[in-house]
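Participant: You'll find my_file-v8.txt just under this line, and it carries compact mmCIF, C-alpha atoms.
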```
# COMPACT_ATOMS: atom_id res chain seq x y z
CA MET A 8 -53.39 -121.62 -125.78
CA GLY A 9 -51.85 -120.81 -122.41
CA THR A 10 -48.08 -121.10 -122.16
CA VAL A 11 -46.11 -121.11 -118.93
CA ILE A 12 -43.30 -118.56 -119.03
CA SER A 13 -40.47 -118.44 -116.51
CA LEU A 14 -37.60 -116.00 -116.14
CA THR A 15 -34.48 -116.76 -114.12
CA LEU A 16 -31.82 -114.18 -113.29
CA PRO A 17 -28.45 -114.73 -111.58
CA SER A 18 -28.62 -114.82 -107.82
CA ALA A 19 -26.91 -111.44 -107.50
CA SER A 20 -29.75 -109.66 -109.31
CA GLY A 21 -31.78 -107.25 -107.24
CA GLU A 22 -35.53 -107.31 -106.68
CA ASP A 23 -36.00 -104.17 -108.75
CA GLU A 24 -34.27 -105.80 -111.71
CA LEU A 25 -36.48 -108.85 -111.45
CA VAL A 26 -39.67 -106.78 -111.23
CA ALA A 27 -38.71 -104.65 -114.24
CA ALA A 28 -37.65 -107.68 -116.29
CA THR A 29 -40.83 -109.58 -115.47
CA ALA A 30 -43.00 -106.61 -116.45
CA VAL A 31 -41.25 -106.31 -119.82
CA VAL A 32 -41.69 -109.99 -120.62
CA GLU A 33 -45.35 -110.05 -119.52
CA ARG A 34 -46.20 -106.97 -121.56
CA LEU A 35 -44.53 -108.27 -124.71
CA PHE A 36 -46.12 -111.73 -124.59
CA ALA A 37 -49.54 -110.32 -123.76
CA GLY A 38 -49.39 -107.90 -126.67
CA LEU A 39 -48.43 -110.58 -129.18
CA ASP A 40 -51.11 -112.91 -127.81
CA GLU A 41 -53.75 -110.26 -128.38
CA THR A 42 -52.70 -110.04 -132.04
CA PHE A 43 -51.80 -113.61 -133.00
CA SER A 44 -53.82 -115.96 -130.79
CA LEU A 45 -56.38 -118.07 -132.64
CA TYR A 46 -57.97 -118.80 -129.25
CA ARG A 47 -59.05 -115.17 -128.86
CA PRO A 48 -62.12 -114.46 -131.03
CA GLU A 49 -61.28 -110.74 -131.12
CA SER A 50 -57.63 -111.12 -132.15
CA GLU A 51 -56.38 -110.01 -135.53
CA ALA A 52 -55.41 -113.61 -136.35
CA SER A 53 -58.94 -114.85 -135.61
CA ARG A 54 -60.51 -112.09 -137.69
CA LEU A 55 -58.18 -113.02 -140.54
CA ALA A 56 -59.11 -116.69 -140.17
CA ARG A 57 -62.82 -115.76 -140.42
CA ALA A 58 -62.05 -113.72 -143.57
CA GLU A 59 -63.30 -110.54 -141.89
CA ILE A 60 -60.07 -108.86 -142.99
CA LYS A 61 -57.50 -109.64 -145.67
CA LEU A 62 -53.77 -110.08 -145.14
CA PRO A 63 -52.78 -106.82 -146.93
CA ASP A 64 -55.04 -104.96 -144.47
CA THR A 65 -53.50 -106.45 -141.32
CA SER A 66 -50.93 -104.88 -139.03
CA GLU A 67 -47.27 -104.52 -139.91
CA ASP A 68 -46.41 -107.19 -137.29
CA MET A 69 -48.79 -109.68 -138.90
CA ARG A 70 -47.46 -109.07 -142.40
CA ARG A 71 -43.82 -109.18 -141.28
CA LEU A 72 -44.19 -112.47 -139.41
CA TYR A 73 -46.12 -113.93 -142.33
CA ALA A 74 -43.23 -112.99 -144.64
CA ASP A 75 -40.77 -114.59 -142.20
CA ALA A 76 -42.87 -117.76 -142.06
CA VAL A 77 -43.05 -117.97 -145.86
CA GLY A 78 -39.29 -117.55 -145.98
CA TRP A 79 -38.91 -120.52 -143.65
CA ARG A 80 -41.35 -122.54 -145.74
CA LEU A 81 -39.12 -121.96 -148.77
CA ALA A 82 -35.92 -122.66 -146.81
CA THR A 83 -37.31 -125.98 -145.49
CA GLU A 84 -38.90 -126.93 -148.83
CA GLY A 85 -42.36 -126.95 -147.28
CA ALA A 86 -41.59 -128.90 -144.09
CA PHE A 87 -42.42 -125.77 -142.09
CA ASN A 88 -45.79 -124.47 -143.26
CA PRO A 89 -47.70 -121.52 -141.74
CA GLU A 90 -50.98 -122.59 -143.38
CA ARG A 91 -53.06 -125.28 -141.72
CA PRO A 92 -54.65 -128.11 -143.73
CA ASP A 93 -57.97 -126.25 -143.58
CA GLY A 94 -56.36 -123.21 -145.21
CA VAL A 95 -56.26 -121.03 -142.09
CA LEU A 96 -53.10 -118.99 -141.61
CA ASP A 97 -51.57 -120.09 -138.31
CA LEU A 98 -48.35 -118.35 -137.32
CA SER A 99 -48.06 -120.04 -133.93
CA GLY A 100 -45.10 -122.03 -135.23
CA ILE A 101 -43.05 -118.85 -135.42
CA VAL A 102 -44.78 -116.39 -133.07
CA LYS A 103 -43.51 -117.95 -129.84
CA GLY A 104 -39.92 -117.98 -131.02
CA HIS A 105 -40.31 -114.39 -132.18
CA ALA A 106 -41.78 -113.41 -128.79
CA ILE A 107 -38.91 -115.05 -126.91
CA GLN A 108 -36.35 -113.36 -129.14
CA GLU A 109 -37.99 -109.95 -128.72
CA ALA A 110 -38.19 -110.45 -124.96
CA GLY A 111 -34.50 -111.32 -124.88
CA THR A 112 -33.66 -108.15 -126.80
CA SER A 113 -35.73 -106.12 -124.32
CA LEU A 114 -33.97 -107.73 -121.35
CA LEU A 115 -30.59 -106.85 -122.84
CA ALA A 116 -31.82 -103.29 -123.34
CA LEU A 117 -32.56 -103.17 -119.60
CA GLY A 118 -28.90 -103.88 -118.97
CA LEU A 119 -29.35 -107.52 -118.00
CA ARG A 120 -26.48 -109.65 -119.25
CA GLY A 121 -27.48 -112.89 -117.57
CA PHE A 122 -30.91 -114.47 -117.83
CA CYS A 123 -32.74 -117.66 -118.77
CA LEU A 124 -36.14 -117.24 -120.40
CA ASN A 125 -38.29 -120.35 -120.78
CA ALA A 126 -41.60 -120.23 -122.66
CA GLY A 127 -43.39 -123.55 -122.89
CA GLY A 128 -40.13 -125.50 -122.90
CA ASP A 129 -38.33 -123.31 -125.45
CA VAL A 130 -35.33 -121.62 -123.86
CA LEU A 131 -33.19 -118.56 -124.59
CA VAL A 132 -30.25 -117.61 -122.39
CA SER A 133 -27.71 -114.86 -122.06
CA GLY A 134 -24.54 -114.78 -120.04
CA SER A 135 -24.17 -117.16 -117.14
CA PRO A 136 -26.19 -118.17 -114.06
CA GLY A 137 -23.18 -117.46 -111.87
CA SER A 138 -23.22 -114.18 -109.97
CA SER A 139 -19.48 -113.95 -109.44
CA SER A 140 -17.05 -112.25 -111.81
CA VAL A 141 -14.38 -114.74 -110.73
CA VAL A 142 -13.88 -117.67 -113.12
CA PRO A 143 -14.15 -120.95 -111.17
CA ALA A 144 -11.11 -123.24 -110.95
CA GLY A 145 -10.80 -125.56 -113.92
CA VAL A 146 -12.77 -123.28 -116.24
CA ALA A 147 -10.90 -121.79 -119.20
CA PRO A 148 -10.27 -118.00 -119.16
CA GLY A 149 -13.07 -116.13 -120.92
CA SER A 150 -15.56 -118.84 -119.99
CA ARG A 151 -18.35 -118.77 -117.46
CA GLU A 152 -20.65 -121.37 -116.01
CA PRO A 153 -23.23 -122.35 -118.67
CA TRP A 154 -26.96 -122.58 -118.17
CA ARG A 155 -28.12 -126.20 -118.08
CA ALA A 156 -31.32 -127.12 -119.91
CA GLY A 157 -33.04 -130.48 -119.57
CA ILE A 158 -35.03 -132.29 -122.25
CA VAL A 159 -38.09 -134.20 -121.12
CA ASP A 160 -38.84 -137.79 -122.06
CA PRO A 161 -41.92 -137.69 -124.35
CA GLU A 162 -43.15 -140.91 -122.76
CA ASP A 163 -42.76 -139.69 -119.17
CA ARG A 164 -42.68 -135.94 -118.55
CA ARG A 165 -41.30 -136.52 -115.05
CA THR A 166 -38.06 -137.84 -116.57
CA LEU A 167 -35.25 -136.13 -118.47
CA ILE A 168 -33.59 -137.98 -121.33
CA ALA A 169 -30.78 -135.49 -121.93
CA GLY A 170 -29.32 -132.15 -120.99
CA TYR A 171 -27.64 -129.39 -122.94
CA ARG A 172 -25.34 -126.55 -121.90
CA LEU A 173 -26.36 -123.13 -123.20
CA GLY A 174 -24.26 -119.96 -123.12
CA GLY A 175 -21.35 -119.47 -120.77
CA GLN A 176 -18.74 -118.76 -123.43
CA ALA A 177 -18.25 -117.19 -126.85
CA GLY A 178 -19.71 -119.23 -129.69
CA ALA A 179 -21.95 -121.34 -127.47
CA LYS A 180 -25.54 -122.02 -128.52
CA LEU A 181 -27.97 -119.71 -126.73
CA ALA A 182 -31.33 -121.28 -127.62
CA LEU A 183 -33.00 -124.65 -127.29
CA ALA A 184 -36.43 -125.58 -128.65
CA THR A 185 -38.34 -128.84 -128.52
CA SER A 186 -41.21 -129.82 -130.80
CA GLY A 187 -43.51 -132.82 -130.66
CA SER A 188 -46.62 -133.91 -128.81
CA ALA A 189 -45.36 -134.07 -125.21
CA GLU A 190 -46.22 -130.44 -124.40
CA ARG A 191 -49.22 -129.59 -126.62
CA GLY A 192 -50.46 -132.87 -128.08
CA ASP A 193 -50.71 -133.45 -131.83
CA HIS A 194 -50.57 -130.01 -133.45
CA ILE A 195 -48.06 -130.33 -136.30
CA TRP A 196 -48.95 -130.79 -139.95
CA THR A 197 -46.96 -131.30 -143.13
CA ALA A 198 -47.24 -129.40 -146.38
CA GLY A 199 -49.85 -131.09 -148.54
CA ALA A 200 -50.70 -133.68 -145.88
CA GLY A 201 -54.26 -132.44 -145.48
CA SER A 202 -54.37 -133.40 -141.80
CA LEU A 203 -52.46 -133.24 -138.54
CA LEU A 204 -49.27 -135.24 -138.36
CA ARG A 205 -49.83 -137.69 -135.50
CA THR A 206 -46.49 -137.59 -133.73
CA GLY A 207 -45.61 -140.90 -132.15
CA SER A 208 -47.78 -142.86 -134.59
CA ALA A 209 -46.79 -144.91 -137.60
CA ALA A 210 -47.35 -141.82 -139.76
CA SER A 211 -44.55 -139.96 -138.00
CA VAL A 212 -40.86 -140.78 -137.92
CA PHE A 213 -40.18 -138.67 -134.84
CA ARG A 214 -41.96 -138.45 -131.52
CA GLN A 215 -39.99 -135.41 -130.41
CA VAL A 216 -37.18 -133.23 -131.74
CA SER A 217 -34.96 -130.79 -129.83
CA VAL A 218 -32.76 -128.25 -131.62
CA ALA A 219 -30.04 -126.05 -130.14
CA ALA A 220 -29.09 -122.98 -132.18
CA ALA A 221 -27.66 -119.50 -131.85
CA ASP A 222 -31.14 -117.96 -131.90
CA ILE A 223 -34.52 -119.19 -130.70
CA VAL A 224 -36.46 -118.62 -133.93
CA THR A 225 -34.12 -120.91 -135.87
CA ALA A 226 -34.24 -123.53 -133.11
CA ASP A 227 -38.04 -123.42 -132.85
CA VAL A 228 -38.79 -123.46 -136.57
CA LEU A 229 -36.31 -126.24 -137.38
CA ALA A 230 -37.51 -128.43 -134.50
CA THR A 231 -41.04 -128.23 -135.93
CA ALA A 232 -39.82 -128.72 -139.49
CA ILE A 233 -37.89 -131.87 -138.59
CA VAL A 234 -40.89 -133.40 -136.82
CA ALA A 235 -43.01 -132.61 -139.88
CA GLY A 236 -40.44 -133.47 -142.54
CA GLY A 237 -38.89 -136.61 -141.05
CA LEU A 238 -35.44 -137.94 -141.93
CA PRO A 239 -35.00 -135.91 -145.15
CA MET A 240 -35.59 -132.67 -143.22
CA LEU A 241 -33.28 -133.81 -140.42
CA ASP A 242 -30.48 -134.28 -142.97
CA ARG A 243 -31.30 -130.96 -144.66
CA ALA A 244 -31.33 -129.07 -141.37
CA THR A 245 -28.06 -130.45 -140.02
CA ASP A 246 -26.35 -129.84 -143.38
CA GLY A 247 -27.74 -126.33 -143.88
CA TRP A 248 -27.70 -124.76 -140.40
CA ASP A 249 -25.26 -124.58 -137.50
CA ILE A 250 -27.41 -126.55 -135.06
CA GLU A 251 -27.36 -129.54 -132.75
CA VAL A 252 -30.27 -132.00 -132.79
CA LEU A 253 -31.65 -134.68 -130.50
CA ALA A 254 -34.50 -136.61 -132.14
CA VAL A 255 -36.65 -139.28 -130.50
CA ARG A 256 -37.94 -141.75 -133.06
CA ALA A 257 -41.46 -143.15 -132.87
CA GLY A 258 -40.07 -146.39 -131.44
CA GLY A 259 -38.07 -144.62 -128.74
CA GLU A 260 -34.62 -144.71 -130.36
CA LEU A 261 -32.50 -141.56 -130.16
CA LEU A 262 -30.63 -139.80 -132.97
CA ALA A 263 -28.12 -137.21 -131.75
CA THR A 264 -25.59 -134.88 -133.35
CA PRO A 265 -22.15 -134.62 -131.68
CA GLY A 266 -23.11 -131.70 -129.44
CA PHE A 267 -25.85 -133.74 -127.80
CA ARG A 268 -23.74 -136.89 -127.62
CA ARG A 269 -21.19 -134.95 -125.61
```
In structure tokens, what does this structure look like?
Facilitator:
Amino acid sequence: MGTVISLTLPSASGEDELVAATAVVERLFAGLDETFSLYRPESEASRLARAEIKLPDTSEDMRRLYADAVGWRLATEGAFNPERPDGVLDLSGIVKGHAIQEAGTSLLALGLRGFCLNAGGDVLVSGSPGSSSVVPAGVAPGSREPWRAGIVDPEDRRTLIAGYRLGGQAGAKLALATSGSAERGDHIWTAGAGSLLRTGSAASVFRQVSVAAADIVTADVLATAIVAGGLPMLDRATDGWDIEVLAVRAGGELLATPGFRR
């Protein structure tokens, strides 16, 4: 499935930096898509789904991400599940976060200390959007202007229901991921459910869940797990991980941890 990817650099960045950074991101996402996309008949993931190859015979990347996904399934007690109800292995719930994280690592390797990478609404930042080394008046020493991410209303994608500040200072969350049906429709299932979880329906507690975390894989996986696992998984996630959560219930009510309430 096509995903819109955007990369923003501070205004002081040169054209050469932007060209090099864009090329790195494009190459990385394209390579992972060729391996993991179930929409490409020739991909390794599609061949695995058709039982043309077996998991032990797949690439190291496939086996490593599968192991990561299984680890998350255990950590979330089955709320995050890499196997679809029809038995097909589907790593899309972790591949995008992995791709964003790898792209961020590559951008840092290029010497970029400030960037905002957005892939299908999941965001990873580094540094600050400000181009100046001077700390603005009223900002504490050691701090910089944060990146500001908006969270769309699942009932009206033209409207934002909240914002969250990412990066800008030591200890700040650097990643924000949102899961639900606003971007891709109903695509989430629960362990043992045997069918898609219809987000926004009576079968689902949450219409949409946004998670801010230190890394994008944790944010992305836990956002999906909370949508799939409902209130018990929301409690488990906020108790077990250093995250902030904004959850939109099926009826439109909001549940927010202190970071989002601020």
Participant: Contacts of A:Arg268 at 12 Å or less, counting all atoms listed in the file, minus same-chain residues fewer than 5 places along, as a list in words?
Facilitator: Ile168, Ala169, Gly170, Tyr171, Arg172, Glu251, Val252, Leu253, Ala254, Leu261, Leu262 and Ala263 of chain A
Participant: So the first atom is atom CA of A:Leu35 and the second is atom CA of A:Asp249; what is the distance between them in Å, to one decimal place?
Facilitator: 28.3 Å
Participant: Can you tell me, as a list in words, what residues are no more than 10 Å from stretch 80-86 of chain A when counting all atoms listed in the file, ignoring any on the same chain fewer than 5 positions away?
Facilitator: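 Once the nearby chain positions are removed, what remains is Ala74, Asp75, Trp196, Thr197, Ala198, Gly199, Val228, Leu229, Thr231, Ala232, Ile233, Val234, Ala235, Gly236, Gly237, Pro239, Met240, Arg243, Ala244 and Gly247 of chain A.
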Participant: So how many Å separate atom CA of A:Ala226 and atom CA of A:Pro17, to one decimal?
Facilitator: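 Atom CA of A:Pro17 lies at a distance of 24.0 Å from atom CA of A:Ala226.
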Participant: So which one's closest to A:Leu45, A:Asp97, A:Val32, A:Ser211, A:Asp23? Using only C-alpha atoms, please.
Facilitator: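 Checking each of A:Asp97, A:Val32, A:Ser211, A:Asp23 against A:Leu45, counting only C-alpha atoms, the winner is A:Asp97.
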Participant: If we count only C-alpha atoms, what is near A:Cys123 at a cut-off of 9 Å, once residues fewer than 2 positions away on the same chain are taken out, given as a JSON list (two decimals) with C-alpha atoms, in the frame of the given file?
Facilitator:
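Final file, out.json:
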```json
[["chain", "number", "residue", "atom", "x", "y", "z"],
["A", 13, "SER", "CA", -40.47, -118.44, -116.51],
["A", 14, "LEU", "CA", -37.60, -116.00, -116.14],
["A", 15, "THR", "CA", -34.48, -116.76, -114.12],
["A", 16, "LEU", "CA", -31.82, -114.18, -113.29],
["A", 17, "PRO", "CA", -28.45, -114.73, -111.58],
["A", 111, "GLY", "CA", -34.50, -111.32, -124.88],
["A", 121, "GLY", "CA", -27.48, -112.89, -117.57],
["A", 125, "ASN", "CA", -38.29, -120.35, -120.78],
["A", 130, "VAL", "CA", -35.33, -121.62, -123.86],
["A", 131, "LEU", "CA", -33.19, -118.56, -124.59],
["A", 132, "VAL", "CA", -30.25, -117.61, -122.39],
["A", 133, "SER", "CA", -27.71, -114.86, -122.06],
["A", 134, "GLY", "CA", -24.54, -114.78, -120.04],
["A", 135, "SER", "CA", -24.17, -117.16, -117.14],
["A", 136, "PRO", "CA", -26.19, -118.17, -114.06],
["A", 154, "TRP", "CA", -26.96, -122.58, -118.17]]
```
Participant: Within 12 Å of A:Arg70, counting all atoms listed in the file, which residues qualify if same-chain residues fewer than 5 places away don't, as a ChimeraX atom specification?
Facilitator: /A:42-43,51-52,55,61-65,75-77,96,98
Participant: Do you know which residues are at most 12 Å from A:Ala37 counting all atoms listed in the file, after dropping those on the same chain fewer than 5 positions away, and could you put them as a list in words?
Facilitator: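 Within the cut-off, the hits are Gly9, Thr10, Ile12, Ala30, Val31, Val32, Thr42, Phe43, Ser44, Arg47, Ser50, Lys103, Ala106 and Ala110 of chain A.
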Participant: For a test of reading the model, state the distance in Å between atom CA of A:Glu41 and atom CA of A:Ala58, rounded to one decimal.
Facilitator: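 So the answer is 17.7 Å.
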Participant: Which one is closest to A:Gly78: A:Ile101, A:Gly259, A:Pro92, A:Leu114? Count all atoms listed in the file.
Facilitator: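 Counting all atoms listed in the file, the residue closest to A:Gly78 is A:Ile101.
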Participant: May I have the residues at most 8 Å from (-40.3, -132.8, -131.5) in the file's coordinates, counting only C-alpha atoms, as a PyMOL selection string?
Facilitator: chain A and resi 185-188+213-217+230-231+233-234+254-255
